[in-house]
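Asks: Handing over upload.cif, mmCIF, C-alpha atoms.
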```
data_query
loop_
_atom_site.label_atom_id
_atom_site.label_comp_id
_atom_site.auth_asym_id
_atom_site.auth_seq_id
_atom_site.Cartn_x
_atom_site.Cartn_y
_atom_site.Cartn_z
CA MET A 1 -32.73 0.83 -17.02
CA LYS A 2 -29.78 -1.34 -16.13
CA MET A 3 -28.71 -1.47 -12.48
CA LYS A 4 -24.98 -1.24 -11.82
CA LEU A 5 -23.48 -3.97 -9.65
CA ILE A 6 -21.04 -2.41 -7.19
CA SER A 7 -19.42 -5.55 -5.78
CA ARG A 8 -19.09 -9.11 -6.99
CA ARG A 9 -17.99 -10.35 -3.58
CA ILE A 10 -20.08 -13.36 -2.55
CA ARG A 11 -21.38 -12.60 0.91
CA SER A 12 -21.89 -15.18 3.60
CA MET A 13 -25.34 -16.05 4.96
CA GLU A 14 -24.45 -14.21 8.17
CA GLU A 15 -23.92 -11.00 6.21
CA LEU A 16 -27.12 -11.46 4.21
CA CYS A 17 -28.96 -12.17 7.45
CA ALA A 18 -27.71 -8.87 8.87
CA ILE A 19 -29.06 -7.04 5.81
CA ASP A 20 -32.38 -8.84 6.11
CA ASP A 21 -32.77 -7.80 9.72
CA LYS A 22 -32.89 -4.20 8.56
CA PHE A 23 -35.94 -4.86 6.48
CA SER A 24 -37.72 -8.07 7.32
CA THR A 25 -41.16 -7.01 6.22
CA VAL A 26 -43.41 -6.52 3.23
CA LEU A 27 -41.69 -5.70 -0.06
CA GLY A 28 -43.58 -4.09 -2.89
CA PRO A 29 -46.09 -1.27 -3.27
CA SER A 30 -48.38 -0.29 -0.42
CA PRO A 31 -51.59 -2.33 -0.15
CA VAL A 32 -53.53 0.81 -1.11
CA ALA A 33 -51.53 1.20 -4.35
CA PHE A 34 -51.81 -2.51 -5.09
CA ALA A 35 -55.56 -2.54 -4.52
CA ALA A 36 -56.07 0.59 -6.64
CA ARG A 37 -53.91 -0.77 -9.45
CA HIS A 38 -55.84 -4.01 -9.67
CA GLY A 39 -59.30 -2.70 -8.83
CA LEU A 40 -59.53 -4.57 -5.53
CA LYS A 41 -61.32 -3.45 -2.39
CA LEU A 42 -59.46 -2.89 0.84
CA SER A 43 -60.79 -4.80 3.83
CA LYS A 44 -62.93 -2.98 6.39
CA SER A 45 -60.42 -3.63 9.16
CA TYR A 46 -57.59 -2.14 7.08
CA VAL A 47 -59.63 0.96 6.22
CA THR A 48 -60.51 1.36 9.91
CA PHE A 49 -56.84 0.99 10.84
CA MET A 50 -55.75 3.57 8.25
CA ARG A 51 -58.44 5.94 9.51
CA SER A 52 -57.29 5.52 13.09
CA GLN A 53 -53.71 6.26 12.04
CA LYS A 54 -54.86 9.55 10.59
CA SER A 55 -56.98 10.55 13.56
CA ASN A 56 -56.32 11.97 17.01
CA GLY A 57 -56.41 9.77 20.08
CA ASN A 58 -60.12 10.47 20.59
CA GLY A 59 -61.03 9.26 17.09
CA ALA A 60 -61.67 12.73 15.69
CA ARG A 61 -60.03 13.72 12.43
CA LYS A 62 -56.80 15.65 12.66
CA ILE A 63 -57.30 19.31 11.83
CA VAL A 64 -54.80 21.15 9.70
CA HIS A 65 -55.12 24.86 10.39
CA SER A 66 -55.98 26.77 7.28
CA ARG A 67 -54.42 29.94 8.68
CA ARG A 68 -50.98 28.55 7.94
CA LYS A 69 -50.69 29.70 4.39
CA LEU A 70 -47.61 30.01 2.27
CA VAL A 71 -46.53 33.58 1.83
CA ALA A 72 -44.98 34.49 -1.48
CA VAL A 73 -41.74 36.40 -0.99
CA MET B 1 -40.35 -26.16 -7.95
CA SER B 2 -39.58 -27.09 -4.41
CA GLY B 3 -36.38 -25.70 -3.02
CA ARG B 4 -34.90 -25.64 0.41
CA PHE B 5 -32.93 -22.79 1.86
CA PRO B 6 -31.42 -21.88 5.21
CA VAL B 7 -33.11 -19.49 7.64
CA LYS B 8 -32.03 -18.43 11.10
CA VAL B 9 -34.42 -19.43 13.88
CA ASN B 10 -33.71 -18.30 17.44
CA GLY B 11 -30.05 -17.96 16.48
CA LYS B 12 -29.79 -21.44 14.96
CA TRP B 13 -29.78 -22.40 11.31
CA ARG B 14 -32.82 -24.30 10.09
CA GLU B 15 -34.25 -25.14 6.70
CA ALA B 16 -37.37 -23.77 5.04
CA GLU B 17 -39.05 -24.94 1.88
CA ILE B 18 -40.46 -22.88 -0.97
CA SER B 19 -42.96 -24.13 -3.51
CA PHE B 20 -45.86 -23.00 -5.69
CA ALA B 21 -49.01 -22.54 -3.64
CA SER B 22 -52.00 -24.76 -4.35
CA GLU B 23 -55.51 -23.31 -4.65
CA ARG B 24 -56.29 -24.35 -1.09
CA GLU B 25 -53.13 -22.67 0.21
CA VAL B 26 -53.87 -19.45 -1.67
CA LYS B 27 -57.41 -19.39 -0.25
CA ARG B 28 -55.97 -19.80 3.23
CA LEU B 29 -54.05 -16.54 2.80
CA ALA B 30 -57.34 -14.72 3.31
CA HIS B 31 -57.32 -16.19 6.85
CA TRP B 32 -54.15 -14.44 7.96
CA ARG B 33 -55.14 -12.47 11.03
CA ILE B 34 -53.88 -9.55 13.06
CA PRO B 35 -52.43 -10.90 16.36
CA LYS B 36 -54.61 -10.19 19.39
CA SER B 37 -51.92 -8.33 21.29
CA LEU B 38 -49.97 -5.93 19.15
CA PRO B 39 -46.50 -4.54 19.90
CA ALA B 40 -46.04 -0.96 21.08
CA ASP B 41 -43.93 -0.05 18.04
CA PRO B 42 -46.33 1.71 15.60
CA VAL B 43 -44.07 0.98 12.60
CA LEU B 44 -44.21 -2.75 13.32
CA VAL B 45 -47.99 -2.56 13.75
CA GLN B 46 -48.26 -0.91 10.33
CA LYS B 47 -46.13 -3.71 8.82
CA ILE B 48 -48.34 -6.38 10.38
CA TYR B 49 -51.51 -4.72 9.04
CA ASP B 50 -49.90 -4.39 5.59
CA ALA B 51 -48.83 -8.06 5.57
CA VAL B 52 -52.34 -9.26 6.43
CA GLU B 53 -53.90 -6.95 3.85
CA PHE B 54 -51.44 -8.06 1.17
CA ALA B 55 -52.19 -11.73 1.81
CA ARG B 56 -55.88 -11.02 1.33
CA LEU B 57 -55.27 -8.95 -1.82
CA ALA B 58 -52.95 -11.64 -3.24
CA CYS B 59 -55.67 -14.22 -2.69
CA ASN B 60 -58.20 -12.03 -4.55
CA ARG B 61 -55.80 -11.23 -7.37
CA TRP B 62 -54.78 -14.87 -7.82
CA GLN B 63 -58.43 -15.94 -7.93
CA TYR B 64 -59.08 -13.34 -10.64
CA TYR B 65 -56.42 -15.05 -12.79
CA ARG B 66 -57.68 -18.45 -11.71
CA ARG B 67 -61.13 -17.74 -13.15
CA GLN B 68 -59.44 -17.14 -16.51
CA HIS B 69 -57.30 -20.28 -16.17
CA LEU B 70 -54.17 -18.13 -16.02
CA THR B 71 -52.55 -19.46 -12.88
CA VAL B 72 -49.85 -22.09 -12.49
CA ARG B 73 -49.34 -24.39 -9.53
CA GLY B 74 -45.97 -25.90 -10.30
CA LEU B 75 -42.82 -25.48 -12.35
CA GLU B 76 -43.85 -28.19 -14.80
CA ASP B 77 -47.22 -26.46 -15.15
CA LEU B 78 -45.47 -23.14 -15.84
CA GLU B 79 -43.07 -24.67 -18.38
CA ARG B 80 -45.94 -26.44 -20.14
CA VAL B 81 -48.05 -23.26 -20.39
CA VAL B 82 -45.10 -21.17 -21.59
CA HIS B 83 -44.21 -23.81 -24.18
CA ALA B 84 -47.78 -24.05 -25.48
CA HIS B 85 -48.50 -20.29 -25.41
CA PRO B 86 -45.20 -18.34 -25.43
CA THR B 87 -46.81 -14.91 -24.94
CA THR B 88 -49.31 -15.82 -22.24
CA GLU B 89 -49.38 -13.97 -18.92
CA VAL B 90 -49.74 -16.19 -15.86
CA ALA B 91 -49.87 -15.50 -12.13
CA MET B 92 -48.40 -17.58 -9.35
CA VAL B 93 -47.99 -17.48 -5.60
CA LEU B 94 -44.88 -18.92 -3.99
CA ILE B 95 -45.20 -20.02 -0.39
CA VAL B 96 -42.52 -20.67 2.22
CA ARG B 97 -43.06 -23.29 4.91
CA PRO B 98 -40.83 -24.29 7.80
CA VAL B 99 -39.27 -27.75 7.58
CA TRP B 100 -38.72 -27.87 11.34
CA ASP B 101 -41.53 -28.33 13.87
CA SER B 102 -42.73 -24.74 14.07
CA PRO B 103 -45.82 -23.00 15.49
CA ILE B 104 -45.89 -20.83 12.34
CA SER B 105 -47.15 -22.85 9.36
CA THR B 106 -46.40 -20.28 6.63
CA LEU B 107 -43.36 -18.03 6.82
CA GLY B 108 -43.96 -15.89 3.77
CA ILE B 109 -45.47 -15.54 0.33
CA ALA B 110 -44.58 -13.93 -2.98
CA HIS B 111 -47.04 -12.98 -5.69
CA LEU B 112 -45.51 -13.06 -9.17
CA ARG B 113 -46.57 -12.70 -12.76
CA ARG B 114 -44.85 -14.10 -15.79
CA THR B 115 -45.32 -11.38 -18.41
CA TRP B 116 -45.93 -11.82 -22.14
CA CYS B 117 -42.23 -11.41 -22.97
CA ASN B 118 -41.08 -13.99 -20.38
CA HIS B 119 -40.04 -11.59 -17.63
CA LEU B 120 -41.07 -12.02 -14.00
CA PHE B 121 -42.88 -9.21 -12.25
CA LEU B 122 -42.58 -9.41 -8.47
CA GLU B 123 -45.83 -7.83 -7.35
CA PHE B 124 -45.02 -8.24 -3.70
CA LEU B 125 -43.38 -10.34 -1.10
CA ALA B 126 -44.83 -10.57 2.40
CA LEU B 127 -43.85 -12.25 5.63
CA HIS B 128 -46.39 -13.81 7.98
CA PRO B 129 -47.47 -11.50 10.84
CA GLN B 130 -46.08 -13.98 13.39
CA VAL B 131 -42.67 -13.82 11.65
CA LEU B 132 -42.81 -10.02 11.85
CA LEU B 133 -43.93 -10.16 15.48
CA ARG B 134 -41.01 -12.42 16.51
CA ARG B 135 -42.78 -13.68 19.61
CA ARG B 136 -43.29 -17.39 18.97
CA GLU B 137 -39.99 -17.76 17.13
CA GLN B 138 -37.38 -15.35 15.85
CA VAL B 139 -37.07 -16.22 12.20
CA SER B 140 -34.80 -14.14 9.98
CA SER B 141 -33.43 -14.07 6.43
CA VAL B 142 -36.70 -15.31 4.89
CA GLY B 143 -37.00 -12.23 2.64
CA SER B 144 -33.46 -12.60 1.27
CA ALA B 145 -33.87 -16.31 0.67
CA MET B 146 -37.19 -15.81 -1.12
CA LEU B 147 -35.56 -13.28 -3.43
CA HIS B 148 -32.83 -15.86 -4.16
CA GLN B 149 -35.41 -18.50 -5.00
CA ILE B 150 -37.29 -16.13 -7.32
CA VAL B 151 -34.03 -15.49 -9.17
CA ALA B 152 -33.53 -19.26 -9.41
CA LEU B 153 -37.06 -19.63 -10.79
CA ALA B 154 -36.29 -16.99 -13.42
CA GLY B 155 -33.22 -19.00 -14.38
CA GLN B 156 -35.30 -22.16 -14.71
CA ILE B 157 -37.75 -20.61 -17.16
CA ASN B 158 -35.00 -18.63 -18.88
CA ALA B 159 -36.50 -15.27 -17.88
CA GLN B 160 -33.97 -12.53 -18.55
CA CYS B 161 -35.39 -10.00 -16.10
CA ILE B 162 -37.20 -9.75 -12.76
CA TRP B 163 -38.66 -6.36 -12.06
CA GLY B 164 -40.70 -4.76 -9.37
CA GLU B 165 -41.55 -1.66 -7.40
CA ALA B 166 -39.42 -0.35 -4.57
CA THR B 167 -40.92 1.97 -2.00
CA GLU B 168 -39.45 4.70 0.18
CA GLY B 169 -38.98 2.09 2.89
CA SER B 170 -37.56 -0.69 0.74
CA HIS B 171 -35.30 0.89 -1.89
CA GLU B 172 -32.25 0.94 0.42
CA TRP B 173 -32.82 -2.70 1.32
CA TYR B 174 -32.83 -3.62 -2.37
CA GLU B 175 -29.63 -1.62 -2.92
CA GLU B 176 -27.84 -3.50 -0.16
CA ARG B 177 -29.38 -6.84 -0.88
CA LEU B 178 -28.68 -6.77 -4.62
CA ALA B 179 -25.32 -4.97 -4.16
CA VAL B 180 -26.25 -2.36 -6.75
CA GLN B 181 -25.45 1.31 -6.96
CA GLU B 182 -28.88 2.89 -6.79
CA VAL B 183 -32.48 1.76 -6.61
CA ARG B 184 -35.20 4.38 -6.91
CA ASP B 185 -38.87 3.39 -7.22
CA HIS B 186 -38.23 0.32 -9.37
CA PHE B 187 -35.65 -2.41 -9.76
CA PHE B 188 -34.53 -4.71 -12.54
CA ILE B 189 -32.69 -7.90 -11.67
CA GLU B 190 -30.93 -8.97 -14.85
CA GLU B 191 -27.58 -10.04 -16.31
CA ASP B 192 -24.74 -9.61 -13.81
CA VAL B 193 -27.05 -8.75 -10.88
CA MET B 194 -29.00 -11.95 -11.51
CA GLU B 195 -25.78 -13.94 -11.81
CA HIS B 196 -24.50 -12.45 -8.55
CA CYS B 197 -27.74 -13.39 -6.76
CA LEU B 198 -27.45 -16.94 -8.06
CA ASN B 199 -23.85 -17.17 -6.88
CA GLU B 200 -24.86 -16.01 -3.41
CA MET B 201 -27.72 -18.51 -3.39
CA HIS B 202 -25.37 -21.35 -4.30
CA ARG B 203 -23.00 -20.28 -1.55
CA ALA B 204 -25.89 -20.28 0.96
CA GLN B 205 -26.97 -23.74 -0.16
CA GLN B 206 -23.42 -25.06 0.12
CA GLU B 207 -23.29 -23.72 3.67
CA MET B 208 -26.63 -25.41 4.36
CA LEU B 209 -25.38 -28.76 3.00
CA ALA B 210 -22.15 -28.45 4.98
CA ARG B 211 -24.21 -27.90 8.14
CA ARG B 212 -26.26 -31.02 7.36
CA GLY B 213 -23.01 -32.97 7.17
CA THR B 214 -21.87 -31.80 10.59
CA ALA B 215 -25.30 -32.16 12.27
#
```
As structure tokens, how would this structure be written, given the file I've shared?

Replies:
Amino acid sequence: MKMKLISRRIRSMEELCAIDDKFSTVLGPSPVAFAARHGLKLSKSYVTFMRSQKSNGNGARKIVHSRRKLVAV
Amino acid sequence: MSGRFPVKVNGKWREAEISFASEREVKRLAHWRIPKSLPADPVLVQKIYDAVEFARLACNRWQYYRRQHLTVRGLEDLERVVHAHPTTEVAMVLIVRPVWDSPISTLGIAHLRRTWCNHLFLEFLALHPQVLLRRREQVSSVGSAMLHQIVALAGQINAQCIWGEATEGSHEWYEERLAVQEVRDHFFIEEDVMEHCLNEMHRAQQEMLARRGTA
């Protein structure tokens, strides 16, 4: 699929720098997707970090109440 | 390939250098570490963890290709392989180092694959955790400049297309950065978009050379 260029104006480094500041990080798929795609293992520390992100402050897993069910109208 | 490009460091323009990573340099990527004291911003913490994990995964992936003798460690190497085996798939890691006296030895990395039909697949591009943290030095525009250099590399091997995956967090950046109408979960840098990127890179390098003249 061809991407459509919207402006041919050559921007200055200052302008490009301002764009970069909005996203100066990792570009590409998530490490989980990358590892799964290429059959690689995630590191223990990363798995621990991901687990902590999904847990409550006390380390217990977050509970999603099963009572909240969708009701068909 | 060894190109220099301008980056902004603590508000001043400096120069950084990009080149193909050697085996030793790729192995050192597995030693990127999470900083001892992390910032309060959870989004930034996630980015730092992702960067460290990507560096480790890139190292593993590159070594997988290395075992099959399908890695290149220089432009001449790449040109020679492509000339000898036109449909071969090879992997490479580009590494960015500061040219100034910096406490951060590696600013960023890019993991690429040259596909069988001579396209470049940008698997990912990651900045060093200390660059993301912005404590030791505030370095910016490394991501943009790396993208420029990858486009230049494509030009050097006559690759007609660079493609890659854009995520929920990065698709808008690609739209702005490439000046294109819409990027969804993938991007293709080709034809006029590639030409536009090269023009912007040349402009940036002219500015860098002009600064050298006045310094």

Asks: Counting all atoms listed in the file, figure out which residue out of A:Arg51, A:Tyr46, A:Met1, A:Ile6 gets nearest to Pro31 (chain A).

Replies: A:Tyr46

Asks: Find the residues of chain A in contact range of chain B, meaning any atom within 6 Å when counting only C-alpha atoms, and list them as a short mmCIF file (atom, residue, chain, number, x, y, z; two decimals) with C-alpha atoms, in the coordinates of the input.

Replies:
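This went into selection.cif:
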```
data_model
loop_
_atom_site.label_atom_id
_atom_site.label_comp_id
_atom_site.auth_asym_id
_atom_site.auth_seq_id
_atom_site.Cartn_x
_atom_site.Cartn_y
_atom_site.Cartn_z
CA LYS A 4 -24.98 -1.24 -11.82
CA LEU A 5 -23.48 -3.97 -9.65
CA ILE A 6 -21.04 -2.41 -7.19
CA ILE A 10 -20.08 -13.36 -2.55
CA MET A 13 -25.34 -16.05 4.96
CA CYS A 17 -28.96 -12.17 7.45
CA ASP A 20 -32.38 -8.84 6.11
CA THR A 25 -41.16 -7.01 6.22
CA VAL A 26 -43.41 -6.52 3.23
CA LEU A 27 -41.69 -5.70 -0.06
CA GLY A 28 -43.58 -4.09 -2.89
CA PRO A 31 -51.59 -2.33 -0.15
#
```

Asks: Within 9 Å of Lys41 (chain A), counting only C-alpha atoms, which residues show up once you throw out same-chain ones fewer than 5 positions away? Write them as a ChimeraX atom specification, please.

Replies: /A:32,35-36 /B:57

Asks: The PyMOL selection byres ((chain B and resi 101) around 12) - which residues does that actually catch in the file I just gave you? List them as an mmCIF file with C-alpha atoms, in the coordinates of the input.

Replies:
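Resulting contents of out_0.cif:
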```cif
data_model
loop_
_atom_site.group_PDB
_atom_site.id
_atom_site.type_symbol
_atom_site.label_atom_id
_atom_site.label_comp_id
_atom_site.auth_asym_id
_atom_site.auth_seq_id
_atom_site.Cartn_x
_atom_site.Cartn_y
_atom_site.Cartn_z
ATOM 1 C CA VAL B 9 -34.420 -19.430 13.880
ATOM 2 C CA ARG B 14 -32.820 -24.300 10.090
ATOM 3 C CA GLU B 15 -34.250 -25.140 6.700
ATOM 4 C CA ALA B 16 -37.370 -23.770 5.040
ATOM 5 C CA ARG B 97 -43.060 -23.290 4.910
ATOM 6 C CA PRO B 98 -40.830 -24.290 7.800
ATOM 7 C CA VAL B 99 -39.270 -27.750 7.580
ATOM 8 C CA TRP B 100 -38.720 -27.870 11.340
ATOM 9 C CA SER B 102 -42.730 -24.740 14.070
ATOM 10 C CA PRO B 103 -45.820 -23.000 15.490
ATOM 11 C CA ILE B 104 -45.890 -20.830 12.340
ATOM 12 C CA SER B 105 -47.150 -22.850 9.360
ATOM 13 C CA THR B 106 -46.400 -20.280 6.630
ATOM 14 C CA GLU B 137 -39.990 -17.760 17.130
#
```

Asks: Extending 3 Å beyond the listed atoms of region 114-127 of chain B on each side, what axis-aligned box results? I want centre and edge lengths in Å to one decimal, as JSON.

Replies:
```
{"center_x": -43.0, "center_y": -11.0, "center_z": -8.7, "size_x": 11.9, "size_y": 12.3, "size_z": 34.6}
```

Asks: Find the spatial neighbours of Gln130 (chain B), counting all atoms listed in the file, within a cut-off of 8 Å - ignore same-chain residues fewer than 3 positions away - and output them as a list of chain:residue names.

Replies: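 Selected residues are B:Pro35, B:Ile104, B:Leu133, B:Arg134, B:Arg135, B:Arg136.
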
Asks: From the list B:Thr88, B:Gln160, B:Gln63, B:Asn10, which residue is nearest Val26 (chain B) when using only C-alpha atoms?

Replies: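 Checking each candidate against Val26 (chain B), we get B:Gln63 as the closest.
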
Asks: Looking at A:Ser43, A:Phe23, A:Ser12, A:Lys54, which one is nearest to Arg33 (chain B), with distances taken over all atoms listed in the file?

Replies: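 So, comparing all the options, the nearest one is A:Ser43.
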
Asks: Interatomic distance between CA of Ile18 (chain B) and CA of Phe5 (chain B)?

Replies: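 Taking CA of Ile18 (chain B) as the start and CA of Phe5 (chain B) as the end point, the length is 8.0 Å.
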
Asks: One decimal, in Å: what's the spacing between CA of Ala21 (chain B) and CA of Arg212 (chain B)?

Replies: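 For CA of Ala21 (chain B) relative to CA of Arg212 (chain B), the distance reads 26.7 Å.
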
Asks: Written as a ChimeraX atom specification, what is the full residue list that the PyMOL selection byres ((chain B and resi 158) around 12) yields on the file shown?

Replies: /B:78-79,82-83,114,117-120,151-157,159-162,190-191,194

Asks: Have a look at CA of Ala40 (chain B) and CA of Leu42 (chain A) and let me know their distance in Å, one decimal.

Replies: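 Here the two named atoms are 24.4 Å from each other.
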
Asks: I'd like to know which of B:Lys27, B:Trp32, B:Leu107, B:Phe20 is closest to Asp77 (chain B), using only C-alpha atoms.

Replies: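 So, comparing all the options, the nearest one is B:Phe20.
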